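Shown next: protein.pdb, given as PDB, C-alpha atoms.
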MODEL        1
ATOM      1  CA  MET A  78      42.397  94.929 138.614
ATOM      2  CA  LYS A  79      42.858  97.549 141.325
ATOM      3  CA  ARG A  80      39.245  97.172 142.432
ATOM      4  CA  PHE A  81      39.609  93.419 142.525
ATOM      5  CA  PHE A  82      42.473  93.599 145.011
ATOM      6  CA  THR A  83      40.725  96.286 147.002
ATOM      7  CA  LYS A  84      37.582  94.206 147.407
ATOM      8  CA  HIS A  85      39.131  90.755 147.645
ATOM      9  CA  GLY A  86      42.569  91.544 149.089
ATOM     10  CA  ILE A  87      41.916  89.836 152.440
ATOM     11  CA  ILE A  88      40.642  86.729 150.703
ATOM     12  CA  VAL A  89      43.730  86.572 148.440
ATOM     13  CA  LEU A  90      46.076  87.060 151.403
ATOM     14  CA  THR A  91      44.230  84.353 153.366
ATOM     15  CA  VAL A  92      44.518  81.924 150.457
ATOM     16  CA  ALA A  93      48.224  82.696 150.108
ATOM     17  CA  VAL A  94      48.825  82.037 153.818
ATOM     18  CA  VAL A  95      46.847  78.779 153.629
ATOM     19  CA  ILE A  96      48.889  77.649 150.622
ATOM     20  CA  ALA A  97      52.133  78.551 152.377
ATOM     21  CA  VAL A  98      51.120  76.682 155.523
ATOM     22  CA  GLY A  99      50.040  73.727 153.401
ATOM     23  CA  LEU A 100      53.410  73.701 151.658
ATOM     24  CA  CYS A 101      55.194  73.826 154.981
ATOM     25  CA  ILE A 102      53.130  70.895 156.311
ATOM     26  CA  ALA A 103      53.651  68.858 153.151
ATOM     27  CA  SER A 104      57.376  69.582 153.173
ATOM     28  CA  SER A 105      57.754  68.702 156.842
ATOM     29  CA  ILE A 106      55.887  65.445 156.353
ATOM     30  CA  SER A 107      57.877  64.425 153.285
ATOM     31  CA  SER A 108      61.282  65.526 154.517
ATOM     32  CA  GLY A 109      60.923  64.856 158.203
ATOM     33  CA  THR A 110      61.763  68.429 159.211
ATOM     34  CA  GLY A 111      59.728  70.386 161.765
ATOM     35  CA  PHE A 112      56.791  72.525 160.801
ATOM     36  CA  LEU A 113      58.242  75.713 162.317
ATOM     37  CA  TYR A 114      61.601  75.179 160.625
ATOM     38  CA  ASN A 115      59.893  74.730 157.233
ATOM     39  CA  ALA A 116      57.734  77.790 157.809
ATOM     40  CA  MET A 117      60.810  79.886 158.474
ATOM     41  CA  GLY A 118      62.449  78.527 155.324
ATOM     42  CA  VAL A 119      59.415  79.374 153.206
ATOM     43  CA  ILE A 120      59.273  82.905 154.612
ATOM     44  CA  ALA A 121      63.044  83.464 154.233
ATOM     45  CA  THR A 122      63.244  82.224 150.649
ATOM     46  CA  PRO A 123      62.071  85.476 148.993
ATOM     47  CA  PHE A 124      64.474  87.420 151.159
ATOM     48  CA  ARG A 125      67.344  85.112 150.200
ATOM     49  CA  ALA A 126      66.471  85.642 146.546
ATOM     50  CA  ALA A 127      66.347  89.411 147.027
ATOM     51  CA  SER A 128      69.673  89.367 148.906
ATOM     52  CA  HIS A 129      71.259  87.344 146.126
ATOM     53  CA  ALA A 130      69.927  89.765 143.509
ATOM     54  CA  VAL A 131      71.278  92.753 145.453
ATOM     55  CA  SER A 132      74.640  91.047 145.893
ATOM     56  CA  SER A 133      74.834  90.273 142.191
ATOM     57  CA  TRP A 134      73.892  93.845 141.345
ATOM     58  CA  ALA A 135      76.526  95.246 143.713
ATOM     59  CA  GLY A 136      79.111  92.897 142.249
ATOM     60  CA  GLY A 137      78.196  94.058 138.779
ATOM     61  CA  ILE A 138      78.567  97.709 139.839
ATOM     62  CA  SER A 139      81.991  96.936 141.362
ATOM     63  CA  ASP A 140      83.102  95.194 138.177
ATOM     64  CA  HIS A 141      81.862  98.200 136.178
ATOM     65  CA  PHE A 142      83.935 100.608 138.254
ATOM     66  CA  ASP A 143      86.957  98.314 137.978
ATOM     67  CA  ASN A 144      86.543  98.324 134.198
ATOM     68  CA  VAL A 145      86.210 102.114 134.152
ATOM     69  CA  GLU A 146      89.362 102.480 136.259
ATOM     70  CA  ASN A 147      91.256 100.106 133.973
ATOM     71  CA  LEU A 148      90.070 102.027 130.914
ATOM     72  CA  GLN A 149      91.185 105.313 132.484
ATOM     73  CA  GLU A 150      94.633 103.869 133.200
ATOM     74  CA  GLU A 151      94.893 102.540 129.647
ATOM     75  CA  ASN A 152      93.735 105.908 128.279
ATOM     76  CA  GLN A 153      96.355 107.728 130.349
ATOM     77  CA  ALA A 154      99.056 105.347 129.139
ATOM     78  CA  LEU A 155      97.943 105.864 125.534
ATOM     79  CA  ARG A 156      97.984 109.654 125.968
ATOM     80  CA  LYS A 157     101.521 109.454 127.351
ATOM     81  CA  ARG A 158     102.634 107.294 124.438
ATOM     82  CA  VAL A 159     101.018 109.670 121.921
ATOM     83  CA  ALA A 160     102.852 112.595 123.549
ATOM     84  CA  GLU A 161     106.136 110.682 123.306
ATOM     85  CA  LEU A 162     105.522 109.889 119.645
ATOM     86  CA  GLU A 163     104.634 113.511 118.903
ATOM     87  CA  LYS A 164     107.863 114.611 120.587
ATOM     88  CA  GLU A 165     109.853 112.086 118.561
ATOM     89  CA  LEU A 166     108.143 113.359 115.397
ATOM     90  CA  ARG A 167     108.989 116.978 116.239
ATOM     91  CA  ASN A 168     112.608 116.022 116.874
ATOM     92  CA  ALA A 169     112.724 114.106 113.594
ATOM     93  CA  GLU A 170     111.268 117.088 111.722
ATOM     94  CA  LYS A 171     113.724 119.420 113.446
ATOM     95  CA  ASN A 172     116.649 117.170 112.544
ATOM     96  CA  SER A 173     115.367 116.883 108.988
ATOM     97  CA  GLU A 174     115.123 120.669 108.658
ATOM     98  CA  GLU A 175     118.595 121.119 110.111
ATOM     99  CA  ASN A 176     120.034 118.491 107.781
ATOM    100  CA  GLU A 177     118.413 120.248 104.839
ATOM    101  CA  ARG A 178     119.968 123.549 105.927
ATOM    102  CA  LEU A 179     123.365 121.892 106.244
ATOM    103  CA  ARG A 180     123.046 120.350 102.766
ATOM    104  CA  THR A 181     122.218 123.773 101.354
ATOM    105  CA  LEU A 182     125.140 125.242 103.277
ATOM    106  CA  LEU A 183     127.394 122.617 101.723
ATOM    107  CA  ASN A 184     126.518 124.008  98.307
ATOM    108  CA  LEU A 185     127.328 127.497  99.590
ATOM    109  CA  ARG A 186     130.658 126.267 100.945
ATOM    110  CA  GLN A 187     131.490 124.846  97.535
ATOM    111  CA  GLN A 188     130.588 128.130  95.872
ATOM    112  CA  ARG A 189     132.380 130.300  98.422
ATOM    113  CA  GLU A 190     135.455 128.408  99.487
ATOM    114  CA  ASP A 191     136.880 131.672 100.834
ATOM    115  CA  PHE A 192     134.337 131.630 103.706
ATOM    116  CA  THR A 193     134.792 130.042 107.125
ATOM    117  CA  PHE A 194     131.492 129.381 108.900
ATOM    118  CA  ALA A 195     130.365 128.867 112.493
ATOM    119  CA  SER A 196     126.916 127.327 112.873
ATOM    120  CA  ALA A 197     124.582 128.950 115.410
ATOM    121  CA  HIS A 198     121.001 128.709 116.597
ATOM    122  CA  VAL A 199     118.796 131.689 117.341
ATOM    123  CA  ALA A 200     118.385 131.774 121.124
ATOM    124  CA  GLY A 201     116.314 134.943 121.259
ATOM    125  CA  ARG A 202     115.063 137.884 119.273
ATOM    126  CA  SER A 203     114.331 141.524 120.061
ATOM    127  CA  THR A 204     112.073 143.409 117.685
ATOM    128  CA  SER A 205     110.633 146.743 118.731
ATOM    129  CA  ASN A 206     110.037 150.198 117.319
ATOM    130  CA  TRP A 207     113.705 150.974 117.804
ATOM    131  CA  GLU A 208     115.701 147.834 117.122
ATOM    132  CA  ALA A 209     115.752 144.461 115.384
ATOM    133  CA  GLU A 210     118.299 142.094 116.908
ATOM    134  CA  LEU A 211     118.935 138.370 117.334
ATOM    135  CA  THR A 212     120.765 136.530 120.089
ATOM    136  CA  LEU A 213     122.863 133.511 119.053
ATOM    137  CA  ASN A 214     124.139 130.598 121.126
ATOM    138  CA  VAL A 215     127.767 130.954 119.972
ATOM    139  CA  GLY A 216     130.436 133.507 120.765
ATOM    140  CA  THR A 217     134.177 133.974 120.978
ATOM    141  CA  ASP A 218     134.591 130.282 121.830
ATOM    142  CA  ALA A 219     133.606 129.617 118.182
ATOM    143  CA  ASP A 220     135.835 132.426 116.810
ATOM    144  CA  VAL A 221     132.841 134.734 116.475
ATOM    145  CA  SER A 222     133.782 138.409 116.774
ATOM    146  CA  ILE A 223     132.237 141.840 116.369
ATOM    147  CA  GLY A 224     131.812 142.776 112.712
ATOM    148  CA  ASP A 225     131.292 139.227 111.424
ATOM    149  CA  CYS A 226     128.511 138.845 108.868
ATOM    150  CA  VAL A 227     125.653 136.443 109.584
ATOM    151  CA  VAL A 228     123.844 134.606 106.781
ATOM    152  CA  ASN A 229     121.303 131.821 106.356
ATOM    153  CA  GLU A 230     122.151 128.515 104.704
ATOM    154  CA  GLU A 231     121.699 130.006 101.241
ATOM    155  CA  GLY A 232     124.124 132.835 101.873
ATOM    156  CA  PHE A 233     121.451 135.539 102.196
ATOM    157  CA  LEU A 234     122.532 138.296 104.566
ATOM    158  CA  VAL A 235     120.902 138.386 108.004
ATOM    159  CA  GLY A 236     123.014 141.035 109.730
ATOM    160  CA  VAL A 237     126.290 141.744 111.488
ATOM    161  CA  ILE A 238     127.616 140.702 114.909
ATOM    162  CA  SER A 239     127.476 143.738 117.194
ATOM    163  CA  GLU A 240     128.316 142.059 120.529
ATOM    164  CA  ALA A 241     130.174 138.846 121.345
ATOM    165  CA  GLY A 242     130.551 137.013 124.644
ATOM    166  CA  LEU A 243     132.150 133.654 125.365
ATOM    167  CA  ASN A 244     129.187 131.531 124.276
ATOM    168  CA  TRP A 245     126.708 134.125 122.976
ATOM    169  CA  SER A 246     126.531 136.955 120.509
ATOM    170  CA  THR A 247     124.137 139.627 119.302
ATOM    171  CA  VAL A 248     123.240 140.198 115.669
ATOM    172  CA  THR A 249     122.166 143.637 114.502
ATOM    173  CA  THR A 250     119.962 142.591 111.616
ATOM    174  CA  ILE A 251     119.794 144.404 108.290
ATOM    175  CA  LEU A 252     116.396 145.782 109.373
ATOM    176  CA  ASP A 253     117.796 147.554 112.430
ATOM    177  CA  PRO A 254     118.102 151.387 112.111
ATOM    178  CA  ASN A 255     121.756 151.065 113.149
ATOM    179  CA  SER A 256     122.511 148.746 110.231
ATOM    180  CA  GLN A 257     124.499 150.201 107.317
ATOM    181  CA  LEU A 258     126.290 148.256 104.582
ATOM    182  CA  GLY A 259     127.981 149.068 101.315
ATOM    183  CA  ALA A 260     125.827 147.651  98.519
ATOM    184  CA  THR A 261     125.832 147.195  94.783
ATOM    185  CA  VAL A 262     123.024 146.662  92.297
ATOM    186  CA  PHE A 263     123.697 143.351  90.575
ATOM    187  CA  ARG A 264     122.216 144.311  87.204
ATOM    188  CA  THR A 265     123.919 147.694  86.783
ATOM    189  CA  GLY A 266     126.895 147.505  89.140
ATOM    190  CA  GLU A 267     125.805 150.789  90.756
ATOM    191  CA  THR A 268     127.336 151.329  94.200
ATOM    192  CA  THR A 269     124.937 152.419  96.970
ATOM    193  CA  VAL A 270     124.292 151.958 100.680
ATOM    194  CA  ALA A 271     121.732 149.612 102.264
ATOM    195  CA  LEU A 272     120.603 150.781 105.672
ATOM    196  CA  GLY A 273     117.921 150.174 108.243
ATOM    197  CA  ASP A 274     115.160 152.724 108.578
ATOM    198  CA  LEU A 275     112.750 153.397 111.441
ATOM    199  CA  GLY A 276     109.890 154.037 109.090
ATOM    200  CA  LEU A 277     110.418 150.787 107.177
ATOM    201  CA  MET A 278     111.599 148.356 109.865
ATOM    202  CA  LEU A 279     108.183 147.320 111.136
ATOM    203  CA  ASP A 280     107.192 146.468 107.563
ATOM    204  CA  ASN A 281     110.279 144.198 107.307
ATOM    205  CA  ARG A 282     111.862 146.521 104.769
ATOM    206  CA  LEU A 283     115.099 148.510 104.553
ATOM    207  CA  LYS A 284     116.363 151.412 102.525
ATOM    208  CA  LEU A 285     118.699 151.624  99.539
ATOM    209  CA  ALA A 286     120.080 155.163  99.735
ATOM    210  CA  TYR A 287     122.531 157.476  97.978
ATOM    211  CA  LEU A 288     121.397 156.594  94.506
ATOM    212  CA  GLN A 289     123.266 158.303  91.706
ATOM    213  CA  GLY A 290     121.519 161.045  89.771
ATOM    214  CA  ASN A 291     121.494 158.951  86.628
ATOM    215  CA  SER A 292     120.536 155.751  88.476
ATOM    216  CA  HIS A 293     118.660 153.180  86.388
ATOM    217  CA  LEU A 294     117.390 151.288  89.425
ATOM    218  CA  MET A 295     114.300 149.205  88.684
ATOM    219  CA  ASN A 296     111.771 147.245  90.708
ATOM    220  CA  GLY A 297     113.023 143.695  91.127
ATOM    221  CA  ASP A 298     116.724 144.567  90.990
ATOM    222  CA  LEU A 299     118.860 142.315  93.193
ATOM    223  CA  VAL A 300     121.116 144.098  95.695
ATOM    224  CA  LEU A 301     124.339 142.544  97.064
ATOM    225  CA  THR A 302     127.031 143.556  99.523
ATOM    226  CA  SER A 303     129.758 145.495  97.718
ATOM    227  CA  GLY A 304     132.667 144.417  99.912
ATOM    228  CA  ILE A 305     134.248 147.857  99.472
ATOM    229  CA  GLY A 306     136.744 148.560 102.238
ATOM    230  CA  GLY A 307     137.172 144.893 103.082
ATOM    231  CA  TYR A 308     135.034 145.054 106.223
ATOM    232  CA  TYR A 309     132.409 142.683 104.893
ATOM    233  CA  PRO A 310     132.447 139.952 102.226
ATOM    234  CA  SER A 311     131.223 140.916  98.779
ATOM    235  CA  GLY A 312     128.421 139.218  96.874
ATOM    236  CA  LEU A 313     126.110 138.458  99.808
ATOM    237  CA  VAL A 314     122.489 138.874  98.777
ATOM    238  CA  ILE A 315     120.769 141.614 100.800
ATOM    239  CA  GLY A 316     117.399 141.809  99.059
ATOM    240  CA  SER A 317     115.490 143.010  96.033
ATOM    241  CA  VAL A 318     114.023 146.392  95.114
ATOM    242  CA  GLU A 319     110.286 146.559  95.762
ATOM    243  CA  GLU A 320     109.687 150.244  95.144
ATOM    244  CA  ILE A 321     111.503 153.462  94.226
ATOM    245  CA  ARG A 322     110.541 156.566  96.191
ATOM    246  CA  THR A 323     111.497 160.230  96.343
ATOM    247  CA  ASP A 324     112.660 161.854  99.597
ATOM    248  CA  ASP A 325     110.477 164.412 101.323
ATOM    249  CA  ASN A 326     112.699 167.184  99.910
ATOM    250  CA  GLY A 327     111.782 165.991  96.415
ATOM    251  CA  LEU A 328     115.423 166.065  95.319
ATOM    252  CA  THR A 329     116.754 162.539  95.886
ATOM    253  CA  ARG A 330     115.413 159.056  95.342
ATOM    254  CA  TYR A 331     115.822 155.862  97.304
ATOM    255  CA  GLY A 332     114.812 152.253  96.927
ATOM    256  CA  VAL A 333     112.753 150.141  99.297
ATOM    257  CA  LEU A 334     114.335 146.708  99.729
ATOM    258  CA  VAL A 335     112.665 143.448 100.635
ATOM    259  CA  PRO A 336     115.186 141.237 102.508
ATOM    260  CA  GLN A 337     115.911 137.977 100.756
ATOM    261  CA  VAL A 338     115.643 136.143 104.077
ATOM    262  CA  ASP A 339     112.650 136.073 106.438
ATOM    263  CA  ILE A 340     114.360 137.219 109.617
ATOM    264  CA  GLN A 341     111.325 136.549 111.809
ATOM    265  CA  GLN A 342     111.336 132.834 110.941
ATOM    266  CA  LEU A 343     115.042 132.141 111.404
ATOM    267  CA  LYS A 344     115.997 129.250 113.677
ATOM    268  CA  GLN A 345     119.557 128.536 112.540
ATOM    269  CA  VAL A 346     122.141 130.860 111.013
ATOM    270  CA  PHE A 347     125.808 130.790 110.041
ATOM    271  CA  VAL A 348     128.441 133.307 111.057
ATOM    272  CA  ILE A 349     131.195 134.070 108.537
ATOM    273  CA  THR A 350     134.162 134.113 110.915
ATOM    274  CA  ASP A 351     136.767 134.538 108.175
ATOM    275  CA  PHE A 352     136.864 135.364 104.464
ATOM    276  CA  GLN A 353     139.276 136.382 101.762
ATOM    277  CA  VAL A 354     139.120 140.003 100.660
ATOM    278  CA  VAL A 355     138.414 140.197  96.943
ATOM    279  CA  GLN A 356     139.988 143.289  95.326
TER     280      GLN A 356
ENDMDL
END

Represent the structure of the file as C-alpha cells.
Amino acid sequence: MKRFFTKHGIIVLTVAVVIAVGLCIASSISSGTGFLYNAMGVIATPFRAASHAVSSWAGGISDHFDNVENLQEENQALRKRVAELEKELRNAEKNSEENERLRTLLNLRQQREDFTFASAHVAGRSTSNWEAELTLNVGTDADVSIGDCVVNEEGFLVGVISEAGLNWSTVTTILDPNSQLGATVFRTGETTVALGDLGLMLDNRLKLAYLQGNSHLMNGDLVLTSGIGGYYPSGLVIGSVEEIRTDDNGLTRYGVLVPQVDIQQLKQVFVITDFQVVQ
C-alpha cells in the first residue's frame, strides 16, 4: 500500500483535485452559485468538520471537569455528614455510659443511704514514678473538701481528696505512695493498713501492711476500708489480695493488693461529701 502511494501519489492527488473541481462545477451549475464560492465551500468543509469535532471534544472535557467538581463537592458534603454522625454516635455512647454509671450509683445510694455524693468528671491525671493523682472538675462549690473519699459508681475506692479549689480538686489515688488507709480483711475481720508503695505503683498495685503474726491472709481475700477513727467511711472496697510476700528483713509479711477499680480508665467518679460514722 505504501509503495502504491509512493509511485502513484501524484496521479491520486490529480484525480482528487479533478473530482473536487468537477463537484464544484456541478454544484455551481445546479445551484446557481459561483464556481469560486463553491470551491471555497468544498475546501472549507473538512475544516468545518474538524472544528466541530474539536469543539465537541472540548465541550465533553468541560462537562467531565464539571462532573468531577460536582462529585468532589458531594464527596466533601458526605464526609462532613459522616463526621457529624460519628460525633453524634460518640455523644450517644458517652451519654449511655454515663447513664449506666448513674443507674449503678442509684443501687449504691440505696445500699448506702448514709452517703452523700457529688458527681465529678476526671479532668486530668498525673501518673509518674513518684505520684498517682487525678484532677476533678468539682470543688468546694459542690461541698467537696480535703479528706473526702472518692469512689466509682460501684462504690470501689479510688482515693482521697488532697486539694480542693472552688471548681476543682485533686485526688490522691490509693496507688500513690502518700496514700494510707485503715483496712480490714472481709473474710477474717483482721485490721491492717492499705498504703501506696513506690515499688508497686507502676504495676497498679498497693501494699497491705502490718499484718498480725498469726494472720490467715489468703490470695483472693477482699480488703475494705475499716472506718476506724471516723475519718473515712467503712466498708468501701479497696481491692483483693494477689500475693503474700515477706519483707526484705525476713521477719514480717505483707500482701500485694490489686485495686478493685481500674484507675487509669476512669472518666467519672463520685465524691462522698458526707457520711454517717458507724461505731

Report the centre and edge lengths, in Å to one decimal, of an axis-aligned box enclosing every atom of range 199-212 of chain A listed in the file, padded by 4 Å on each side, as JSON.
{"center_x": 115.4, "center_y": 141.3, "center_z": 118.3, "size_x": 18.7, "size_y": 27.3, "size_z": 13.9}

Once you count only C-alpha atoms, what closest atom pair and distance in Å to one decimal does each residue of range 197-263 of chain A within 12 Å of range 329-335 of chain A have, with rows by chain and rising residue number, as a Markdown table?
| residue | atom | partner | partner_atom | distance |
| --- | --- | --- | --- | --- |
| A:Phe233 | CA | A:Val335 | CA | 11.9 |
| A:Leu234 | CA | A:Val335 | CA | 11.8 |
| A:Ile251 | CA | A:Leu334 | CA | 10.4 |
| A:Leu252 | CA | A:Val335 | CA | 9.8 |
| A:Ala260 | CA | A:Leu334 | CA | 11.6 |
| A:Val262 | CA | A:Gly332 | CA | 11.0 |

**OP:** Show which residues sit within 9 Å of range 279-285 of chain A, as a list in words. Count all atoms listed in the file, and ignore same-chain residues fewer than 4 positions away.
**Re:**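 The contact residues come out as Thr204, Ser205, Asn206, Ile251, Leu252, Asp253, Pro254, Ala260, Thr269, Val270, Ala271, Leu272, Gly273, Asp274, Leu275, Val300, Gly316, Val318, Tyr331, Gly332, Val333, Leu334, Val335, Pro336, Asp339, Ile340 and Gln341 of chain A.
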
Original post:
Which is closest to Thr193 in chain A among A:Ile321, A:Ala219, A:Ala209, A:Leu294, if we use only C-alpha atoms?
Top reply: A:Ala219

Original post:
Which neighbours of Leu343 in chain A fall inside 12 Å, counting all atoms listed in the file, when residues of the same chain fewer than 2 positions from it are skipped, and could you give them as a list in words?
Top reply: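 Within the cut-off, the hits are Glu174, Glu175, Arg178, Ala197, His198, Val199, Ala200, Gly201, Arg202, Glu210, Leu211, Thr212, Leu213, Val227, Val228, Asn229, Glu230, Phe233, Leu234, Val235, Thr250, Val338, Asp339, Ile340, Gln341, Gln345, Val346 and Phe347 of chain A.
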
**OP:** Point out the residue among A:Ser317, A:Thr217, A:Asn144, A:Gln153 with the least atom-to-atom distance to Phe263 in chain A, counting all atoms listed in the file.
**Re:**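 Going through A:Ser317, A:Thr217, A:Asn144, A:Gln153 one by one, the smallest distance to Phe263 in chain A is for A:Ser317.
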
Original post:
So how many Å separate CA of Phe192 in chain A and CA of Thr350 in chain A, to one decimal?
Top reply: 7.6 Å

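The spacing separating CA of His293 in chain A from CA of Glu320 in chain A amounts to 12.9 Å.
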
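Between CA of Ser239 in chain A and CA of Asp225 in chain A the separation is 8.3 Å.
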
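Among A:Val215, A:Leu258, A:Ala286, A:Val348, the residue with the shortest atom-to-atom distance to Thr302 in chain A, counting all atoms listed in the file, is A:Leu258.
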
Subject >> For Ile223 in chain A: contacts at 12 Å, all atoms listed in the file, fewer than 6 positions along chain excluded, given as a VMD selection string >> reply: chain A and resid 216 to 217 236 to 242 245 to 249 308 to 309 348 to 351

**OP:** Choose the residue, out of A:Asn244, A:Ser292, A:Gln188, A:Asn152, that has the smallest atom-to-atom separation from Asn214 in chain A; count only C-alpha atoms.
**Re:** A:Asn244
